[in-house]
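Source file: coords_19.txt; contents: compact mmCIF, C-alpha atoms.
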```txt
# COMPACT_ATOMS: atom_id res chain seq x y z
CA MET A 1 116.90 6.25 138.34
CA SER A 2 114.71 8.81 136.59
CA PRO A 3 112.67 7.78 133.54
CA VAL A 4 113.21 11.28 132.12
CA VAL A 5 116.20 10.72 129.84
CA GLY A 6 116.68 14.21 128.46
CA ALA A 7 115.36 17.29 126.72
CA ALA A 8 115.80 18.42 123.12
CA PHE A 9 115.55 22.04 121.94
CA ALA A 10 114.70 22.44 118.27
CA PRO A 11 113.62 25.16 115.83
CA HIS A 12 110.78 24.50 113.42
CA PRO A 13 111.24 26.34 110.10
CA PRO A 14 109.67 24.20 107.35
CA ILE A 15 112.33 25.46 104.93
CA ILE A 16 114.93 23.16 106.53
CA ILE A 17 112.99 20.17 105.22
CA PRO A 18 114.50 19.46 101.77
CA GLU A 19 111.13 18.74 100.16
CA VAL A 20 110.02 22.24 101.20
CA GLY A 21 113.30 24.14 100.84
CA ARG A 22 114.20 22.67 97.43
CA GLY A 23 117.81 23.69 97.81
CA LYS A 24 117.32 26.87 99.81
CA GLU A 25 117.57 24.79 103.01
CA GLN A 26 121.34 24.66 102.48
CA GLU A 27 121.52 28.26 103.69
CA ALA A 28 120.67 26.81 107.11
CA SER A 29 123.27 24.02 106.97
CA LYS A 30 124.35 24.50 110.60
CA THR A 31 120.77 24.08 111.76
CA ILE A 32 120.24 20.98 109.62
CA GLU A 33 123.40 19.40 111.04
CA GLY A 34 122.22 20.35 114.55
CA MET A 35 118.86 18.70 113.90
CA LYS A 36 120.56 15.53 112.70
CA GLN A 37 122.72 15.45 115.83
CA LEU A 38 119.64 16.05 117.97
CA ALA A 39 117.87 13.17 116.23
CA ARG A 40 120.82 10.82 116.79
CA LYS A 41 121.03 11.76 120.45
CA THR A 42 117.30 11.13 120.79
CA ALA A 43 117.70 7.70 119.21
CA GLN A 44 120.52 6.88 121.63
CA MET A 45 118.19 7.66 124.54
CA ALA A 46 115.50 5.43 122.94
CA PRO A 47 112.53 7.17 124.59
CA ASP A 48 109.15 5.45 124.66
CA THR A 49 107.37 8.82 124.71
CA LEU A 50 108.21 12.30 123.44
CA VAL A 51 106.53 15.13 125.35
CA ILE A 52 106.38 17.84 122.69
CA LEU A 53 106.00 21.48 123.70
CA THR A 54 104.81 23.60 120.79
CA PRO A 55 103.99 27.33 120.77
CA HIS A 56 101.84 27.06 117.61
CA SER A 57 98.86 25.06 118.86
CA HIS A 58 96.70 28.23 119.01
CA SER A 59 96.18 27.51 122.70
CA ARG A 60 95.74 30.63 124.82
CA GLY A 61 96.09 28.90 128.18
CA VAL A 62 99.36 28.40 130.04
CA LEU A 63 99.65 24.75 128.97
CA THR A 64 97.07 22.61 127.16
CA VAL A 65 97.41 18.86 126.56
CA ALA A 66 96.11 17.34 123.32
CA SER A 67 93.25 14.86 123.69
CA ASN A 68 93.79 13.37 120.20
CA HIS A 69 94.38 9.62 120.01
CA HIS A 70 96.54 9.88 116.89
CA TRP A 71 97.59 12.29 114.13
CA ASN A 72 98.05 12.18 110.38
CA GLY A 73 100.01 15.36 109.73
CA ASN A 74 101.51 16.93 106.62
CA LEU A 75 103.07 20.16 105.40
CA SER A 76 100.49 20.96 102.73
CA GLN A 77 100.21 24.55 103.99
CA PHE A 78 103.86 24.96 102.98
CA GLY A 79 103.30 23.48 99.53
CA CYS A 80 104.46 19.98 100.38
CA ALA A 81 101.64 17.57 101.11
CA ASP A 82 104.00 14.67 100.39
CA VAL A 83 105.74 15.12 103.75
CA GLN A 84 103.42 13.16 106.02
CA LEU A 85 103.73 11.81 109.55
CA THR A 86 101.43 9.40 111.37
CA ILE A 87 101.91 9.06 115.10
CA GLN A 88 100.05 7.81 118.16
CA SER A 89 99.30 9.67 121.38
CA ASN A 90 100.24 8.23 124.75
CA THR A 91 96.66 8.50 126.00
CA SER A 92 97.46 6.85 129.33
CA LEU A 93 99.97 9.55 130.21
CA VAL A 94 97.62 12.25 128.87
CA ASN A 95 94.93 10.99 131.26
CA LYS A 96 97.33 11.17 134.19
CA ILE A 97 98.34 14.72 133.24
CA SER A 98 94.72 15.79 133.09
CA GLU A 99 93.72 14.06 136.33
CA GLU A 100 96.78 14.77 138.51
CA ILE A 101 97.97 18.14 137.18
CA GLY A 102 94.64 19.48 135.98
CA LEU A 103 95.69 20.62 132.52
CA SER A 104 92.82 21.41 130.18
CA ARG A 105 92.40 19.02 127.22
CA LYS A 106 91.42 19.73 123.65
CA ASN A 107 92.07 18.44 120.15
CA LEU A 108 95.26 20.04 118.82
CA GLU A 109 96.49 19.97 115.24
CA MET A 110 99.93 18.66 114.43
CA ASP A 111 101.40 22.06 113.53
CA HIS A 112 104.82 22.77 112.02
CA GLY A 113 106.20 23.22 115.55
CA THR A 114 105.66 19.47 115.91
CA LEU A 115 106.09 18.25 112.35
CA VAL A 116 109.49 19.77 111.58
CA PRO A 117 111.39 18.30 114.57
CA LEU A 118 109.62 14.93 114.14
CA TYR A 119 110.64 14.85 110.47
CA TYR A 120 114.28 14.58 111.59
CA ILE A 121 113.75 12.47 114.70
CA GLN A 122 111.74 9.78 112.92
CA LYS A 123 114.63 9.18 110.53
CA GLU A 124 116.66 7.94 113.50
CA HIS A 125 114.06 6.70 115.99
CA GLU A 126 110.71 5.37 114.80
CA VAL A 127 108.97 3.59 117.65
CA PHE A 128 107.52 6.05 120.14
CA SER A 129 104.29 7.80 121.05
CA ILE A 130 103.86 11.45 121.90
CA VAL A 131 102.17 13.72 124.38
CA LEU A 132 101.47 17.01 122.62
CA ILE A 133 101.29 20.09 124.84
CA GLY A 134 100.41 23.52 123.55
CA VAL A 135 102.35 26.30 125.24
CA GLY A 136 100.55 29.62 125.53
CA PRO A 137 102.15 33.03 125.05
CA SER A 138 101.62 34.28 128.61
CA GLN A 139 104.72 35.22 130.60
CA SER A 140 103.77 34.08 134.09
CA ASP A 141 105.02 32.19 137.12
CA ALA A 142 102.21 29.69 136.46
CA LEU A 143 104.14 28.33 133.47
CA LEU A 144 107.12 27.48 135.68
CA SER A 145 105.01 26.06 138.51
CA VAL A 146 102.92 23.79 136.27
CA SER A 147 106.02 22.66 134.37
CA GLN A 148 107.69 21.65 137.65
CA SER A 149 104.60 19.61 138.54
CA LEU A 150 104.68 17.90 135.15
CA GLY A 151 108.35 17.08 135.64
CA ASP A 152 107.54 15.48 139.01
CA LEU A 153 104.80 13.42 137.38
CA PHE A 154 107.03 12.24 134.53
CA ARG A 155 109.64 10.98 137.00
CA LYS A 156 107.07 8.62 138.52
CA GLN A 157 106.38 6.79 135.26
CA ASP A 158 107.72 3.38 134.25
CA GLU A 159 108.66 4.40 130.70
CA LYS A 160 111.47 6.46 129.18
CA ILE A 161 110.42 10.03 128.46
CA LEU A 162 112.18 12.76 126.50
CA ILE A 163 111.02 16.39 126.47
CA LEU A 164 111.08 18.17 123.09
CA ALA A 165 110.85 21.97 123.25
CA SER A 166 110.05 23.40 119.82
CA GLY A 167 110.65 27.09 119.19
CA ASP A 168 112.40 29.67 117.05
CA LEU A 169 114.27 32.60 118.55
CA SER A 170 113.93 36.19 117.34
CA HIS A 171 112.18 36.84 114.01
CA ARG A 172 113.72 40.32 113.81
CA LEU A 173 117.39 39.73 113.06
CA LYS A 174 117.57 41.27 109.57
CA GLN A 175 115.94 44.14 107.73
CA ASP A 176 114.84 41.75 104.97
CA GLY A 177 113.60 39.14 107.47
CA PRO A 178 109.90 38.34 108.03
CA TYR A 179 109.43 41.09 110.63
CA GLY A 180 112.28 43.44 109.79
CA LEU A 181 115.15 44.38 112.10
CA HIS A 182 114.85 45.48 115.72
CA PRO A 183 117.78 45.96 118.14
CA SER A 184 116.09 43.61 120.59
CA GLY A 185 116.23 40.79 118.03
CA PRO A 186 119.98 40.15 118.07
CA LEU A 187 120.08 40.99 121.81
CA PHE A 188 117.45 38.38 122.63
CA ASP A 189 119.29 35.69 120.69
CA GLN A 190 122.60 36.59 122.36
CA LEU A 191 121.01 36.16 125.79
CA VAL A 192 119.52 32.77 124.92
CA VAL A 193 122.72 31.46 123.35
CA LYS A 194 124.70 32.71 126.35
CA ALA A 195 122.45 30.73 128.73
CA PHE A 196 123.06 27.53 126.78
CA ARG A 197 126.79 28.12 126.38
CA GLU A 198 127.17 28.78 130.10
CA LYS A 199 124.96 25.77 130.87
CA ASP A 200 122.71 27.89 133.06
CA LEU A 201 119.20 27.92 131.60
CA ASP A 202 117.81 29.76 134.61
CA GLN A 203 119.25 32.85 132.91
CA LEU A 204 116.34 32.59 130.47
CA LYS A 205 113.96 33.69 133.22
CA SER A 206 115.73 37.04 133.48
CA ILE A 207 115.14 38.15 129.89
CA GLU A 208 112.96 41.26 130.08
CA PRO A 209 109.41 40.97 128.69
CA GLN A 210 109.90 44.04 126.48
CA ILE A 211 112.98 42.47 124.86
CA ARG A 212 110.98 39.30 124.22
CA GLU A 213 108.11 41.21 122.68
CA ASN A 214 110.30 43.37 120.46
CA ALA A 215 112.27 40.32 119.34
CA ALA A 216 109.08 38.57 118.12
CA GLU A 217 110.23 35.20 119.44
CA CYS A 218 108.19 32.04 119.87
CA GLY A 219 110.60 29.68 121.61
CA LEU A 220 111.25 31.03 125.08
CA ASN A 221 108.16 29.65 126.84
CA PRO A 222 108.71 26.08 125.54
CA PHE A 223 112.38 26.36 126.53
CA LEU A 224 111.49 27.60 130.03
CA ALA A 225 108.94 24.81 130.48
CA ALA A 226 111.40 22.11 129.37
CA ASN A 227 114.08 23.42 131.72
CA GLU A 228 111.69 23.21 134.69
CA MET A 229 110.64 19.67 133.75
CA VAL A 230 114.20 18.32 133.97
CA LYS A 231 115.29 20.32 137.00
CA GLY A 232 116.81 18.40 139.88
CA LEU A 233 118.28 15.76 137.58
CA ASP A 234 122.00 15.42 136.92
CA ARG A 235 122.30 16.79 133.42
CA GLU A 236 124.72 17.82 130.70
CA ILE A 237 123.72 20.71 128.42
CA ASP A 238 125.10 20.65 124.88
CA LEU A 239 124.57 23.58 122.50
CA LEU A 240 124.60 21.98 119.05
CA SER A 241 124.09 24.93 116.71
CA TYR A 242 122.90 28.50 116.35
CA GLU A 243 122.42 30.67 113.27
CA GLY A 244 119.99 33.19 111.79
CA PRO A 245 120.23 32.84 108.00
CA PHE A 246 116.76 34.11 107.09
CA GLY A 247 116.39 36.79 109.74
CA VAL A 248 115.10 34.25 112.29
CA GLY A 249 117.23 32.69 115.03
CA TYR A 250 117.49 28.89 115.02
CA LEU A 251 119.01 27.07 118.01
CA THR A 252 119.46 23.35 118.53
CA ALA A 253 120.54 21.93 121.88
CA PHE A 254 120.25 18.78 123.93
CA ILE A 255 120.14 18.05 127.64
CA HIS A 256 121.32 14.57 128.53
CA CYS A 257 119.98 13.49 131.93
CA ASN A 258 122.51 11.17 133.52
CA GLN A 259 120.82 7.93 134.44
CA VAL A 260 122.86 7.17 137.55
CA GLU A 261 121.70 6.89 141.09
CA HIS A 262 123.63 8.83 143.69
CA HIS A 263 125.58 6.85 146.25
CA PRO A 264 123.77 6.69 149.61
CA TYR A 265 126.39 8.99 151.20
CA VAL A 266 125.54 11.62 148.59
CA GLN A 267 121.81 11.06 149.11
CA VAL A 268 122.30 11.74 152.82
CA ALA A 269 124.25 14.94 152.09
CA ARG A 270 121.68 16.17 149.56
CA GLU A 271 118.76 15.51 151.91
CA ALA A 272 120.55 17.27 154.77
CA ILE A 273 121.18 20.31 152.58
CA ARG A 274 117.67 20.35 151.14
CA GLN A 275 115.94 20.28 154.51
CA TYR A 276 118.27 22.83 156.09
CA VAL A 277 118.16 25.29 153.19
CA THR A 278 114.39 25.07 152.64
CA ALA A 279 113.17 24.62 156.23
CA GLY A 280 116.09 25.49 158.51
CA LYS A 281 115.92 21.94 159.85
CA LYS A 282 118.82 19.62 160.72
CA ILE A 283 117.77 16.08 159.93
CA ASP A 284 117.82 13.29 162.50
CA PRO A 285 119.29 10.17 160.78
CA GLU A 286 117.26 7.64 162.75
CA ARG A 287 114.03 9.58 162.22
CA ASP A 288 114.33 11.22 158.80
CA LEU A 289 116.46 8.76 156.84
CA VAL A 290 114.69 5.49 157.71
CA GLU A 291 112.17 5.94 154.91
CA ILE A 292 114.67 6.75 152.15
CA MET A 293 117.72 4.64 153.04
CA GLU A 294 118.15 0.88 153.26
CA LYS A 295 117.86 -0.01 156.97
CA THR A 296 120.83 -2.40 157.18
CA TRP A 297 123.11 0.11 155.40
CA LEU A 298 121.95 2.92 157.69
CA LYS A 299 122.47 0.86 160.85
CA GLU A 300 125.97 -0.15 159.76
CA ASN A 301 127.05 3.42 158.97
CA LEU A 302 125.64 4.74 162.24
CA ARG A 303 128.37 2.66 163.89
CA LYS A 304 131.27 3.89 161.69
CA GLN A 305 133.46 6.95 162.15
CA ALA A 306 135.66 8.77 159.63
CA GLY A 307 136.67 12.23 158.56
CA THR A 308 134.69 13.51 155.59
CA PHE A 309 134.61 16.38 153.13
CA VAL A 310 131.48 17.53 151.31
CA SER A 311 132.02 19.54 148.11
CA LEU A 312 129.27 21.47 146.34
CA HIS A 313 129.23 22.72 142.74
CA VAL A 314 126.62 24.71 140.82
CA HIS A 315 126.95 24.75 137.02
CA GLY A 316 130.38 23.19 137.40
CA LYS A 317 131.70 25.94 139.69
CA LEU A 318 132.70 25.39 143.32
CA ARG A 319 129.92 26.54 145.66
CA GLY A 320 131.22 25.29 149.00
CA CYS A 321 133.51 22.73 150.58
CA ILE A 322 133.79 21.89 154.28
CA GLY A 323 135.25 18.83 155.97
CA THR A 324 136.81 17.17 158.96
CA MET A 325 140.17 15.43 158.83
CA MET A 326 139.43 13.30 161.89
CA PRO A 327 136.03 12.11 163.14
CA ALA A 328 134.40 15.02 164.96
CA TYR A 329 130.88 13.66 165.41
CA GLN A 330 129.19 10.61 166.85
CA ASN A 331 129.09 8.58 163.64
CA LEU A 332 129.80 8.75 159.90
CA ILE A 333 126.24 9.69 158.94
CA ASP A 334 126.21 12.63 161.33
CA GLU A 335 129.67 13.60 160.07
CA ILE A 336 128.30 13.84 156.53
CA ILE A 337 125.18 15.72 157.64
CA GLN A 338 127.12 18.32 159.62
CA ASN A 339 129.71 18.90 156.89
CA ALA A 340 127.05 19.05 154.16
CA ILE A 341 125.14 21.78 156.01
CA ALA A 342 128.38 23.63 156.75
CA ALA A 343 129.42 23.50 153.08
CA ALA A 344 126.03 24.94 152.11
CA VAL A 345 125.81 27.80 154.59
CA GLN A 346 129.10 28.26 156.47
CA ASP A 347 131.89 28.26 153.88
CA PRO A 348 133.28 31.81 154.34
CA ARG A 349 134.18 32.05 150.66
CA PHE A 350 130.56 31.93 149.52
CA PRO A 351 127.16 33.27 150.53
CA SER A 352 124.69 30.74 151.94
CA LEU A 353 123.13 28.43 149.38
CA GLU A 354 119.69 29.59 148.26
CA PRO A 355 116.72 27.20 147.74
CA GLU A 356 116.54 28.01 144.01
CA GLU A 357 120.10 26.70 143.57
CA LEU A 358 119.20 23.19 144.76
CA SER A 359 117.98 22.01 141.36
CA ASN A 360 121.42 22.66 139.82
CA LEU A 361 123.47 21.45 142.78
CA SER A 362 126.13 18.77 142.37
CA VAL A 363 127.35 17.07 145.56
CA LYS A 364 130.48 14.99 146.21
CA VAL A 365 131.30 13.22 149.46
CA ASP A 366 134.88 12.23 150.29
CA ILE A 367 135.54 9.68 153.04
CA LEU A 368 139.06 9.97 154.39
CA GLY A 369 141.33 7.10 155.29
CA GLU A 370 143.88 6.98 158.12
CA MET A 371 146.69 9.55 158.35
CA GLU A 372 150.19 8.25 157.68
CA VAL A 373 153.35 10.22 158.50
CA VAL A 374 155.45 10.80 155.37
CA GLU A 375 159.21 10.40 155.64
CA SER A 376 160.00 11.32 152.02
CA THR A 377 158.20 13.26 149.31
CA SER A 378 158.71 10.20 147.10
CA ASP A 379 155.89 8.64 149.13
CA LEU A 380 153.48 11.32 147.89
CA ASP A 381 151.34 11.30 144.75
CA PRO A 382 148.87 14.18 144.24
CA ARG A 383 146.56 11.94 142.21
CA ASN A 384 146.27 9.14 144.77
CA TYR A 385 147.02 10.78 148.15
CA GLY A 386 145.81 13.88 149.90
CA VAL A 387 148.16 15.67 152.28
CA MET A 388 148.01 17.33 155.68
CA VAL A 389 150.83 19.58 156.84
CA GLU A 390 151.23 20.51 160.50
CA ALA A 391 153.45 22.94 162.39
CA ASP A 392 152.60 23.57 166.05
CA TYR A 393 148.92 24.55 166.07
CA LYS A 394 148.80 25.31 162.33
CA ARG A 395 147.35 22.70 160.01
CA GLY A 396 146.58 22.68 156.29
CA VAL A 397 144.82 20.00 154.24
CA LEU A 398 144.53 19.34 150.51
CA LEU A 399 142.46 16.58 148.95
CA PRO A 400 143.90 14.41 146.15
CA ASP A 401 143.18 14.51 142.43
CA LEU A 402 142.42 18.23 142.13
CA ASP A 403 142.41 20.11 138.82
CA GLY A 404 145.59 22.16 138.41
CA VAL A 405 147.50 20.32 141.15
CA ASP A 406 149.82 18.04 139.20
CA THR A 407 153.02 17.85 141.27
CA VAL A 408 153.97 17.09 144.86
CA ALA A 409 155.61 20.52 145.13
CA GLN A 410 152.36 22.23 144.13
CA GLN A 411 150.37 20.12 146.56
CA LEU A 412 152.62 20.87 149.52
CA GLU A 413 152.88 24.58 148.72
CA ILE A 414 149.09 25.02 148.59
CA ALA A 415 148.66 23.05 151.83
CA LYS A 416 151.30 25.23 153.55
CA GLN A 417 149.61 28.42 152.35
CA LYS A 418 146.27 27.22 153.71
CA ALA A 419 147.90 26.54 157.08
CA GLY A 420 149.90 29.77 157.16
CA ILE A 421 153.17 27.85 157.50
CA GLY A 422 156.28 29.79 156.48
CA GLN A 423 158.85 28.57 153.98
CA ASN A 424 161.49 27.79 156.62
CA GLU A 425 159.26 26.36 159.35
CA ASP A 426 159.65 22.74 160.37
CA MET A 427 156.53 20.75 159.68
CA THR A 428 155.18 17.22 159.72
CA VAL A 429 153.62 15.88 156.52
CA TYR A 430 150.88 13.25 156.50
CA ARG A 431 149.29 11.47 153.59
CA PHE A 432 145.85 9.91 153.37
CA GLN A 433 143.70 8.19 150.81
CA VAL A 434 140.19 9.23 149.90
CA LYS A 435 137.17 7.38 148.62
CA ARG A 436 135.02 9.75 146.56
CA PHE A 437 131.28 9.24 146.16
CA VAL A 438 129.03 11.05 143.67
```
Re-express the file's structure as C-alpha cells.
Amino acid sequence: MSPVVGAAFAPHPPIIIPEVGRGKEQEASKTIEGMKQLARKTAQMAPDTLVILTPHSHSRGVLTVASNHHWNGNLSQFGCADVQLTIQSNTSLVNKISEEIGLSRKNLEMDHGTLVPLYYIQKEHEVFSIVLIGVGPSQSDALLSVSQSLGDLFRKQDEKILILASGDLSHRLKQDGPYGLHPSGPLFDQLVVKAFREKDLDQLKSIEPQIRENAAECGLNPFLAANEMVKGLDREIDLLSYEGPFGVGYLTAFIHCNQVEHHPYVQVAREAIRQYVTAGKKIDPERDLVEIMEKTWLKENLRKQAGTFVSLHVHGKLRGCIGTMMPAYQNLIDEIIQNAIAAAVQDPRFPSLEPEELSNLSVKVDILGEMEVVESTSDLDPRNYGVMVEADYKRGVLLPDLDGVDTVAQQLEIAKQKAGIGQNEDMTVYRFQVKRFV
C-alpha cells in the first residue's frame, strides 16, 4: 500500500482570498468552490506531509528543496498582512531528499504559490508539515526524471504524503488581462483542460514550448512534476473547476491514489508484462517471483490449473485481452504469465504495449471455473455466467458482466459472431463462472 495518497492541482491568485479580494473574489466563484472541494478532499486523505511544488520560489534549478525548519508567512505584499500562516517543515524527509536524490537545498520564502492553496487547505486540515520544493522554469527531461525519483522515494516512507502542485495557466487570455491577449493563451488552457478531462496527463508533455512561452503560464512544470511523482499508482483524476475571469486561467483538480493492494494474481501478471515489455524477458515463477510473492501461496498455485483471461486497460480504454478457456500450460501461474504477455504484445486488435504505457496500465485477471453444458437459455445470466458456444471446430467465448451486454440474447449473439457460427447452425452452449481479481 503506497503512502502517497494523492495529488492536488491548485491555482494561486491572491485575489481569491476574501481578505485580499474584498468582494472581487466572487468573480472567480468556480475557482473558490474548486479550492474548497480540493481542501475537503485533502482532509479526507489526512496526509501527514504536503509536498508543495511552487514555481515562484525564484529558484533557477530544475528542482530545489527548502532547507527552512519553519515558516511564518503572510500576504503583506498584496496589502493583507493579516492573512498569516505558520507551518513546520518535515526536515527528516528534506534530509532524505537531499541525500538520496541529490536536490540542492536553500532557504525559500513562503510565496503566494504556497500561501494561497494553504489558506484553503488549513481550513479543513490543520495538522501536517510540508516539504517545499521550488520548480524552475526549464523545460527539460531532467524535470521528469528527478520527479520520478522523488516519487519512488516518497513511496518508501512510513507516513501519508500528498503532492500539491501550485500553478496558474495562461496569463494571456484577455486583452485587458495582465499580459494582454495572445492566441496561444486560450490554446494552452484548452490543451491542459483536455488532458485532465480525458484523464491522461501525459498529454501535458506534448504541449509545444513556443505555445507555453507565448501563453505566459507558470503551472505546467509543477503539474508535470506532480504527475510523474504519482505515476504507477492506481489513481482517479477529477477535474474540479476551470475558468479565466481575470485573463488568467485557473484550474483545480485532484488525483486520488487508490490505497488498495493488487491481488497476487494481478501482481504476477503486472510483473510478467513489465519484464517482457521493458527487457524482452519471460519471467520464471520459481526464480523471479520468490522474492515478491508469499512462498506458501506461490507453491500452492504452482500446483493448480485453470483457464484464465488477462485484460489490460489504459486510461479506462481496453488495451488488450487474451485468455485460455481450458488449462493450456503447466500450472496456473504460468497460465497467467503467458496470457498476460500475450495480452500486452499479441492481441491483434492493438499494437504492442510500449514501456511508457506501464505507469497508466490497469490489469484484471479472470480465473475460469468448469464448463457446464446448458440445456436451456433460462440457465444463463450474463451478469453471473460467461458463455462458450461451439459448432464443429468453431468456438466463441464471452466473459460475464461486460458493459453493454445486458441480455442472454446479446451474449449469445456476440459469442456466435466471434466464433463465426451462422444463424441456423447447430451449436452447443456452455456456461462458466469467473472469479475476477484486480
*Of the candidates A:Lys364, A:His171, A:Arg40, A:Lys106, which one gets nearest to A:Pro11 if we count all atoms listed in the file?*
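Of A:Lys364, A:His171, A:Arg40, A:Lys106, the one nearest A:Pro11 is A:His171, counting all atoms listed in the file.
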What are the closest atom pairs, with distances in Å to one decimal, for each residue of stretch 158-267 of chain A lying within 8 Å of stretch 15-33 of chain A, using all atoms listed in the file, rows by chain and rising residue number, as JSON lines?
```
{"residue": "A:Ser241", "atom": "CA", "partner": "A:Thr31", "partner_atom": "CA", "distance": 6.0}
{"residue": "A:Tyr242", "atom": "CA", "partner": "A:Thr31", "partner_atom": "CA", "distance": 6.7}
{"residue": "A:Glu243", "atom": "CA", "partner": "A:Thr31", "partner_atom": "CA", "distance": 7.0}
{"residue": "A:Gly244", "atom": "CA", "partner": "A:Ala28", "partner_atom": "CA", "distance": 7.9}
{"residue": "A:Pro245", "atom": "CA", "partner": "A:Ala28", "partner_atom": "CA", "distance": 6.1}
{"residue": "A:Tyr250", "atom": "CA", "partner": "A:Thr31", "partner_atom": "CA", "distance": 6.7}
{"residue": "A:Leu251", "atom": "CA", "partner": "A:Thr31", "partner_atom": "CA", "distance": 7.1}
{"residue": "A:Thr252", "atom": "CA", "partner": "A:Thr31", "partner_atom": "CA", "distance": 6.9}
```
*From the set A:Val314, A:Ile97, A:Leu181, A:Leu164, which residue has the shortest atom-to-atom contact distance to A:Thr114, counting only C-alpha atoms?*
A:Leu164
*Write out as a ChimeraX atom specification the residues lying within 8 Å of A:Val389, counting all atoms listed in the file and excluding same-chain residues fewer than 3 positions away.*
/A:395-397,412,415-416,419,427-430
*For the atom pair atom CA of A:Ile414 and atom CA of A:Met388, what is the interatomic distance in Å to one decimal place?*
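Atom-to-atom, atom CA of A:Ile414 to atom CA of A:Met388, that is 10.5 Å.
Taking atom CA of A:Leu318 and atom CA of A:Val363 as the two end points, the separation is 10.1 Å.
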_So that I can check the surroundings of A:Leu201, please list as a PyMOL selection string every protein, DNA and RNA residue that reaches within 12 Å of it, counting all atoms listed in the file and ignoring chain neighbours fewer than 5 positions away._
chain A and resi 9+191-196+206-207+220+223-228+230-231+235-239+253-255+315+359-360
*Considering only C-alpha atoms, return as a VMD selection string whatever protein or nucleic-acid residues lie within 10 Å of A:Leu361, sequence-local ones (same chain, fewer than 3 positions apart) excluded.*
chain A and resid 232 to 234 270 312 to 317 319 353 356 to 358
